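Next comes input_11.pdb, a file with PDB, C-alpha atoms and all ligand atoms.
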ATOM      1  CA  MET Z  63      34.174  78.810 -15.034
ATOM      2  CA  PHE Z  64      37.438  78.055 -13.259
ATOM      3  CA  LEU Z  65      38.531  75.796 -16.051
ATOM      4  CA  ASP Z  66      41.714  77.742 -16.833
ATOM      5  CA  ASP Z  67      42.838  77.495 -13.224
ATOM      6  CA  TYR Z  68      42.037  73.827 -13.163
ATOM      7  CA  LEU Z  69      43.998  73.157 -16.353
ATOM      8  CA  SER Z  70      47.033  75.126 -15.238
ATOM      9  CA  ASN Z  71      47.166  73.063 -12.044
ATOM     10  CA  LEU Z  72      47.219  69.702 -13.805
ATOM     11  CA  PRO Z  73      50.484  67.803 -13.504
ATOM     12  CA  ARG Z  74      52.734  68.637 -16.427
ATOM     13  CA  LYS Z  75      53.987  65.622 -18.261
ATOM     14  CA  SER Z  76      57.056  67.388 -19.610
ATOM     15  CA  LEU Z  77      58.338  67.901 -16.061
ATOM     16  CA  VAL Z  78      57.942  64.248 -15.184
ATOM     17  CA  LEU Z  79      59.796  63.182 -18.309
ATOM     18  CA  ALA Z  80      62.656  65.586 -17.691
ATOM     19  CA  GLU Z  81      63.056  64.427 -14.108
ATOM     20  CA  SER Z  82      63.090  60.784 -15.091
ATOM     21  CA  ALA Z  83      66.516  61.121 -16.710
ATOM     22  CA  LEU Z  84      68.144  59.591 -13.652
ATOM     23  CA  PRO Z  85      70.790  56.896 -13.140
ATOM     24  CA  PHE Z  86      68.044  54.321 -12.781
ATOM     25  CA  LEU Z  87      65.256  53.508 -15.156
ATOM     26  CA  PHE Z  88      62.730  50.791 -14.759
ATOM     27  CA  SER Z  89      63.179  47.908 -17.131
ATOM     28  CA  ASN Z  90      59.529  47.345 -16.418
ATOM     29  CA  GLN Z  91      57.244  48.182 -13.561
ATOM     30  CA  ASN Z  92      56.934  44.592 -12.552
ATOM     31  CA  VAL Z  93      57.587  42.766  -9.423
ATOM     32  CA  GLU Z  94      59.138  39.350  -9.774
ATOM     33  CA  ILE Z  95      58.636  36.639  -7.178
ATOM     34  CA  LEU Z  96      61.966  35.066  -6.258
ATOM     35  CA  SER Z  97      61.521  31.578  -4.855
ATOM     36  CA  LYS Z  98      62.537  30.460  -1.430
ATOM     37  CA  GLY Z  99      66.128  29.191  -1.511
ATOM     38  CA  THR Z 100      67.234  31.530  -4.333
ATOM     39  CA  LYS Z 101      70.852  32.555  -3.808
ATOM     40  CA  MET Z 102      71.627  36.264  -4.087
ATOM     41  CA  ARG Z 103      74.518  38.628  -3.466
ATOM     42  CA  ASN Z 104      74.692  42.343  -2.678
ATOM     43  CA  ALA Z 105      75.364  44.545  -5.679
ATOM     44  CA  THR Z 106      78.151  47.087  -5.205
ATOM     45  CA  GLY Z 107      78.253  50.785  -5.986
ATOM     46  CA  THR Z 108      74.554  51.388  -5.480
ATOM     47  CA  THR Z 109      74.773  53.734  -2.490
ATOM     48  CA  ASP Z 110      72.963  57.065  -2.792
ATOM     49  CA  ASP Z 111      70.939  56.136  -5.815
ATOM     50  CA  SER Z 112      67.422  57.307  -6.357
ATOM     51  CA  ILE Z 113      64.610  56.599  -8.713
ATOM     52  CA  GLU Z 114      61.508  58.346  -9.861
ATOM     53  CA  TYR Z 115      58.317  56.380 -10.011
ATOM     54  CA  ASP Z 116      54.862  57.753 -10.691
ATOM     55  CA  GLY Z 117      56.028  61.344 -10.240
ATOM     56  CA  LYS Z 118      57.646  60.694  -6.874
ATOM     57  CA  GLN Z 119      61.345  60.632  -6.110
ATOM     58  CA  TYR Z 120      62.430  57.630  -4.053
ATOM     59  CA  HIS Z 121      65.703  57.630  -2.150
ATOM     60  CA  ASN Z 122      64.429  55.044   0.235
ATOM     61  CA  MET Z 123      64.264  51.776  -1.648
ATOM     62  CA  ILE Z 124      62.145  50.003   0.960
ATOM     63  CA  GLU Z 125      59.463  52.627   0.392
ATOM     64  CA  LEU Z 126      59.646  51.888  -3.330
ATOM     65  CA  TRP Z 127      59.439  48.165  -2.568
ATOM     66  CA  GLU Z 128      56.351  48.651  -0.409
ATOM     67  CA  THR Z 129      54.702  50.841  -3.039
ATOM     68  CA  LEU Z 130      55.244  48.406  -5.888
ATOM     69  CA  THR Z 131      54.629  45.136  -4.061
ATOM     70  CA  GLU Z 132      51.743  46.582  -2.038
ATOM     71  CA  GLU Z 133      53.102  44.710   0.957
ATOM     72  CA  GLU Z 134      54.468  45.888   4.241
ATOM     73  CA  ALA Z 135      58.163  45.181   4.503
ATOM     74  CA  PRO Z 136      58.721  41.933   6.422
ATOM     75  CA  SER Z 137      61.769  41.195   8.540
ATOM     76  CA  CYS Z 138      65.061  40.351   6.809
ATOM     77  CA  VAL Z 139      64.431  37.678   4.151
ATOM     78  CA  ASN Z 140      67.928  36.190   4.406
ATOM     79  CA  GLU Z 141      67.869  32.652   5.816
ATOM     80  CA  LYS Z 142      71.521  33.114   6.835
ATOM     81  CA  CYS Z 143      70.788  36.318   8.755
ATOM     82  CA  GLN Z 144      72.767  36.562  12.002
ATOM     83  CA  SER Z 145      71.032  39.631  13.377
ATOM     84  CA  SER Z 146      69.080  39.834  16.602
ATOM     85  CA  PRO Z 147      65.285  39.799  16.230
ATOM     86  CA  TYR Z 148      65.304  43.557  16.816
ATOM     87  CA  GLU Z 149      67.898  44.206  14.086
ATOM     88  CA  GLU Z 150      66.172  41.766  11.761
ATOM     89  CA  ASN Z 151      63.070  43.963  11.718
ATOM     90  CA  ASP Z 152      65.001  47.079  10.731
ATOM     91  CA  VAL Z 153      64.977  46.462   6.997
ATOM     92  CA  VAL Z 154      66.134  48.459   4.011
ATOM     93  CA  GLY Z 155      65.564  47.947   0.304
ATOM     94  CA  ALA Z 156      68.725  46.100  -0.703
ATOM     95  CA  HIS Z 157      70.122  45.954  -4.237
ATOM     96  CA  VAL Z 158      70.936  42.354  -5.008
ATOM     97  CA  VAL Z 159      71.728  40.192  -8.007
ATOM     98  CA  LYS Z 160      71.367  36.451  -8.426
ATOM     99  CA  SER Z 161      74.429  34.558  -7.271
ATOM    100  CA  GLY Z 162      76.779  33.964 -10.187
ATOM    101  CA  GLU Z 163      75.881  37.251 -11.825
ATOM    102  CA  ASN Z 164      78.134  40.279 -11.810
ATOM    103  CA  THR Z 165      77.820  42.164  -8.503
ATOM    104  CA  ASP Z 166      79.676  45.152  -9.943
ATOM    105  CA  LEU Z 167      76.819  46.423 -12.075
ATOM    106  CA  SER Z 168      77.297  47.387 -15.702
ATOM    107  CA  ASP Z 169      74.963  49.161 -18.036
ATOM    108  CA  GLY Z 170      71.884  47.061 -18.714
ATOM    109  CA  ASP Z 171      72.329  44.673 -15.778
ATOM    110  CA  LYS Z 172      69.252  43.537 -13.946
ATOM    111  CA  VAL Z 173      69.141  44.338 -10.248
ATOM    112  CA  PHE Z 174      66.539  43.366  -7.662
ATOM    113  CA  ILE Z 175      65.326  45.216  -4.579
ATOM    114  CA  ILE Z 176      64.506  42.960  -1.616
ATOM    115  CA  PRO Z 177      64.037  43.634   2.115
ATOM    116  CA  LEU Z 178      67.221  42.925   4.077
ATOM    117  CA  CYS Z 179      68.351  44.086   7.498
ATOM    118  CA  ARG Z 180      71.179  46.611   7.631
ATOM    119  CA  LYS Z 181      73.795  43.974   8.472
ATOM    120  CA  CYS Z 182      72.874  41.730   5.556
ATOM    121  CA  ASN Z 183      72.706  44.728   3.232
ATOM    122  CA  HIS Z 184      76.137  46.063   4.123
ATOM    123  CA  HIS Z 185      78.146  46.849   0.975
ATOM    124  CA  LYS Z 186      81.147  44.964   2.310
ATOM    125  CA  ASN Z 187      79.033  41.900   2.937
ATOM    126  CA  ASN Z 188      79.750  39.604   0.028
ATOM    127  CA  LYS Z 189      78.343  36.559   1.786
ATOM    128  CA  LEU Z 190      75.699  34.499   0.131
ATOM    129  CA  ILE Z 191      72.124  35.587   0.783
ATOM    130  CA  VAL Z 192      69.606  32.733   0.692
ATOM    131  CA  LEU Z 193      65.925  33.633   0.582
ATOM    132  CA  LYS Z 194      64.017  32.118   3.484
ATOM    133  CA  ARG Z 195      60.665  32.556   1.798
ATOM    134  CA  ASP Z 196      59.198  33.365  -1.597
ATOM    135  CA  THR Z 197      60.043  37.051  -1.904
ATOM    136  CA  PRO Z 198      58.561  39.677  -4.188
ATOM    137  CA  ALA Z 199      61.411  41.719  -5.660
ATOM    138  CA  VAL Z 200      61.274  45.000  -7.544
ATOM    139  CA  VAL Z 201      63.117  44.540 -10.830
ATOM    140  CA  LEU Z 202      65.263  47.421 -12.048
ATOM    141  CA  LYS Z 203      67.712  47.862 -14.845
ATOM    142  CA  TRP Z 204      70.986  49.575 -14.073
ATOM    143  CA  THR Z 205      71.751  52.352 -16.507
ATOM    144  CA  LYS Z 206      74.848  54.473 -16.154
TER
HETATM  145 ZN    ZN Z 301      69.600  40.077   7.913
END

As structure tokens, what does this structure read like?
Amino acid sequence: MFLDDYLSNLPRKSLVLAESALPFLFSNQNVEILSKGTKMRNATGTTDDSIEYDGKQYHNMIELWETLTEEEAPSCVNEKCQSSPYEENDVVGAHVVKSGENTDLSDGDKVFIIPLCRKCNHHKNNKLIVLKRDTPAVVLKWTK
């Protein structure tokens, strides 16, 4: 008897589709495991991005990482991390590319989200990042 009310409160697909026209789109919804020892570098120009996934807007990439990997963010995964143990546990979802790939992202480039501390994630930090353990990474495609 309250069917009309129920139907009008269902999520509307058209809204979700409209909102998904954002700078980022998923290339797929997969998580890729990057092996221990993989060399990565910070991608540039990714500050202030956001992404919609499953009807929710994510500005915080570590939250997105935790949602998709179903893991709790570990401490910084960079073997070369120079942070104190306290700083090492304060992680963010960092945008990285494999070493040797273009760090200045162009349309269609693949970018990974991995947990790094704030020092290792700094946009001016172009030092090599070496994974200290097998690390699940969220795979995104950069679309401008
Ligand atoms: Zn670090």

For Z:Glu150, find every residue with an atom within 12 Å (counting only C-alpha atoms), except residues of its own chain fewer than 4 positions away, and show them as a list in words.
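Selected residues are Ala135, Pro136, Ser137, Cys138, Val139, Asn140, Glu141, Lys142, Cys143, Gln144, Ser145, Ser146, Val154, Pro177, Leu178, Cys179, Arg180, Lys181, Cys182 and Asn183 of chain Z.
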
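For the set Z:Val159, Z:Ala105, Z:Val153, Z:Ile176, the residue with the smallest atom-to-atom gap to ligand ZN 301 (chain Z) is Z:Val153, counting only C-alpha atoms and all ligand atoms.
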
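Distance check against ligand ZN 301 (chain Z) using all atoms listed in the file: of Z:Thr131, Z:Thr197, Z:Asn151, Z:Asn188, the minimum falls on Z:Asn151.
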
In terms of all atoms listed in the file, the residue from Z:Pro147, Z:Phe174, Z:Glu163, Z:Thr205 at minimal distance from ligand ZN 301 (chain Z) is Z:Pro147

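You will find atom CA of Z:Met102 at 28.0 Å from atom CA of Z:Asp116.
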
Computed interatomic separation between atom CA of Z:Glu128 and atom CA of Z:Gly99 (Å)
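Taking atom CA of Z:Glu128 as the start and atom CA of Z:Gly99 as the end point, the length is 21.8 Å.
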
Step by step, gather every atom of stretch 138-147 of chain Z that the file lists, find the box along x, y and z that holds them, add 4 Å on each side, and finally give centre and edge lengths in Å to one decimal, as AutoDock Vina command-line options.
--center_x 68.6 --center_y 36.5 --center_z 10.4 --size_x 16.3 --size_y 15.7 --size_z 20.5
